[in-house]
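Asker: Below is the structure I would like to discuss, written out as structure tokens.
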Amino acid sequence: MRTLEFKNGDKMPAVGLGTWKSEPKKVENAVEHALKNGYRHIDCAAIYGNENEVGNAFQKVFSNGNVKREDVWVTSKLWNNAHKKEDVIPALKQTLKDLQLDYLDLYLMHWPVAFSPEVTFPEKDEEFLSLEEVPLHETWEALLEAKKQGLVKHVGVSNFSTKKLEDLREKTSEMPEMNQVELHPYLQQNDLIEYCSKHGINLTGYSPLGSGDRTDAMKADDEPILLENEVINKIAKKHNATPAQILIKWAELRGTAVIPKSTNEGRIEQNLQSVGYQLEEEDLQEIAKLDKHYRYVKGNPQFVTEGNSYDNIFDE
Ligand code: A2P
């Protein structure tokens, strides 16, 4: 499988298993099944509320010797209520404990948003911390410190716009090695890809299949269903593949990593098998035309309400 290379030569497998929305009682089997069937990249986060169960799967698979810890790329993310510099390493240590690991391959600042430490999802404006109180570069420096301490091999960010990346570039000594953002044919983000490539930042695309299992509260009424897109389905038929496989292959061919979520054994296998397909130039041209800047994950209603200091979280 194609890999993404980091500055020190470390390599991250392009296709990983996503675990956002994976129910705790299903995720353990999903991760175990994935690792036994060739996945070597698992994407986690503290806020997904299932790192304990993901950790049980790691424990099982690593202890029986079938798969070695050092052969698997594990990513996790710092939640928004631990942005104060003194809170970053304790939050990371909790994640390591839950995942039953002694280091992460990659740790990301999950969102460019800071909450009060005691709040998981704010309901009132007072439960946010302003970026003047807890600037992003301060949180970023604490992530760099975690790397220095050997708790993580690489550090990066998630949901950062080019504007926020530029801000970090001006204020800090070291740039993120990864930016994890929403990427799929309806949200291709070519400008962000170009910026990241120029500055040596790798990209991971989340919600590559259109994230259809979000709760109704997170969905717009008229939301387009990516897996049902006609062009994607036509290309899938032509290659004897499924629409999901075309979406994953497209992401991989763009040079990004991609983390489709599934807790279904057959679909977990199917998603990794996408690497065996090829897309033709005309397929890529047709998919390029599908871009309509459509975000499934808007950052609201969880963090952004009109008028609060984060109401333009993506700077667009
Ligand atoms: P399930 O977990 O039951 O397989 P995203 O990665 O964009 O967030 O999308 C995840 C959603 O896509 C989940 O509802 C997941 O359901 C579904 N899914 C994952 N793989 C496939 C596939 N190969 N075909 C169809 N749906 C899939």
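Residue numbers start at 1 in each chain; chains themselves are named A, B, ... in the order of the structure tokens; ligands are numbered from 1 in the order shown.
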Within 10 Å of ligand 1, which residues show up when you count only C-alpha atoms and all ligand atoms? List them as a ChimeraX atom specification, please.
Answerer: /A:17-23,26-27,30,182-184,205-214,226-228,241-248,258-274,296-297
Asker: Could you tell me how far atom CA of A:Ala146 sits from atom CA of A:Lys85, in Å to one decimal place?
Answerer: 10.6 Å
Asker: Could you pull the residues within 9 Å of A:Tyr39, counting only C-alpha atoms, minus those fewer than 5 positions along the same chain, as a PyMOL selection string?
Answerer: chain A and resi 13+15-17+31+33-34+72+269+272
Asker: Restricting the output to C-alpha atoms, write the selected residues as a CSV table (one decimal), in the first residue's frame.
Answerer:
```csv
chain,number,residue,atom,x,y,z
A,13,PRO,CA,0.0,3.7,5.6
A,15,VAL,CA,-5.6,3.8,4.3
A,16,GLY,CA,-6.5,3.5,8.0
A,17,LEU,CA,-9.6,2.6,10.0
A,31,VAL,CA,-10.2,-2.8,15.3
A,33,HIS,CA,-10.7,-7.5,12.6
A,34,ALA,CA,-9.0,-4.7,10.8
A,72,VAL,CA,0.9,-0.2,13.4
A,269,GLU,CA,-12.2,-5.7,4.4
A,272,LEU,CA,-8.9,-1.9,2.4
```
Asker: Residues near stretch 195-201 of chain A, anyone? I mean within 12 Å using only C-alpha atoms, not counting same-chain ones fewer than 2 positions away, as a ChimeraX atom specification.
Answerer: /A:4-7,154-158,160-166,168-169,174-181,189-193,203-204,254-257
Asker: Would you write out those residues with C-alpha atoms, as a CSV table (one decimal), in the first residue's frame?
Answerer:
```csv
chain,number,residue,atom,x,y,z
A,4,LEU,CA,2.8,9.0,3.5
A,5,GLU,CA,6.4,9.9,4.4
A,6,PHE,CA,7.3,12.1,7.4
A,7,LYS,CA,10.5,14.2,7.6
A,154,HIS,CA,4.8,13.1,15.4
A,155,VAL,CA,2.4,16.0,16.1
A,156,GLY,CA,-0.1,17.8,14.0
A,157,VAL,CA,-3.4,19.5,13.9
A,158,SER,CA,-6.9,18.9,12.6
A,160,PHE,CA,-7.0,23.9,10.5
A,161,SER,CA,-7.4,26.4,7.6
A,162,THR,CA,-4.5,27.8,5.7
A,163,LYS,CA,-4.9,31.0,7.7
A,164,LYS,CA,-4.5,29.2,11.0
A,165,LEU,CA,-1.5,27.2,9.7
A,166,GLU,CA,0.1,30.5,8.6
A,168,LEU,CA,1.3,29.0,13.5
A,169,ARG,CA,4.1,29.4,11.0
A,174,GLU,CA,8.1,24.0,14.0
A,175,MET,CA,5.1,23.4,11.7
A,176,PRO,CA,2.6,20.6,12.1
A,177,GLU,CA,3.5,17.4,10.2
A,178,MET,CA,-0.2,16.6,9.6
A,179,ASN,CA,-3.5,18.4,9.1
A,180,GLN,CA,-6.5,16.1,9.3
A,181,VAL,CA,-9.5,17.6,7.6
A,189,GLN,CA,-10.0,21.6,-0.9
A,190,ASN,CA,-7.4,22.0,-3.6
A,191,ASP,CA,-6.0,25.3,-2.2
A,192,LEU,CA,-5.4,23.7,1.2
A,193,ILE,CA,-3.8,20.7,-0.4
A,203,LEU,CA,-3.0,15.6,4.9
A,204,THR,CA,-5.5,13.0,6.2
A,254,ARG,CA,-4.4,12.4,-4.4
A,255,GLY,CA,-1.6,11.6,-2.0
A,256,THR,CA,-3.6,12.0,1.2
A,257,ALA,CA,-4.2,9.5,3.9
```
Asker: Would you compute the distance between atom CA of A:Glu53 and atom CA of A:Thr75? Give it in Å to one decimal.
Answerer: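 We find that atom CA of A:Glu53 and atom CA of A:Thr75 lie 15.1 Å from each other.
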Asker: Leaving out A:Lys124 and any residue of its chain fewer than 3 positions from it, which residues lie within 10 Å of it when counting only C-alpha atoms, given as a PyMOL selection string?
Answerer: chain A and resi 121+127-128+303+305+308
Asker: Deliver the residues from the most recent selection as a file, using C-alpha atoms, as a short mmCIF file (atom, residue, chain, number, x, y, z; two decimals), in the first residue's frame.
Answerer:
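again-v2.cif was written with the following content:
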```cif
data_model
loop_
_atom_site.label_atom_id
_atom_site.label_comp_id
_atom_site.auth_asym_id
_atom_site.auth_seq_id
_atom_site.Cartn_x
_atom_site.Cartn_y
_atom_site.Cartn_z
CA PHE A 121 -19.48 20.27 24.81
CA GLU A 127 -17.91 27.81 28.49
CA PHE A 128 -15.56 28.66 25.65
CA PHE A 303 -18.89 24.61 18.94
CA THR A 305 -23.05 29.58 17.37
CA ASN A 308 -19.34 33.63 19.39
#
```
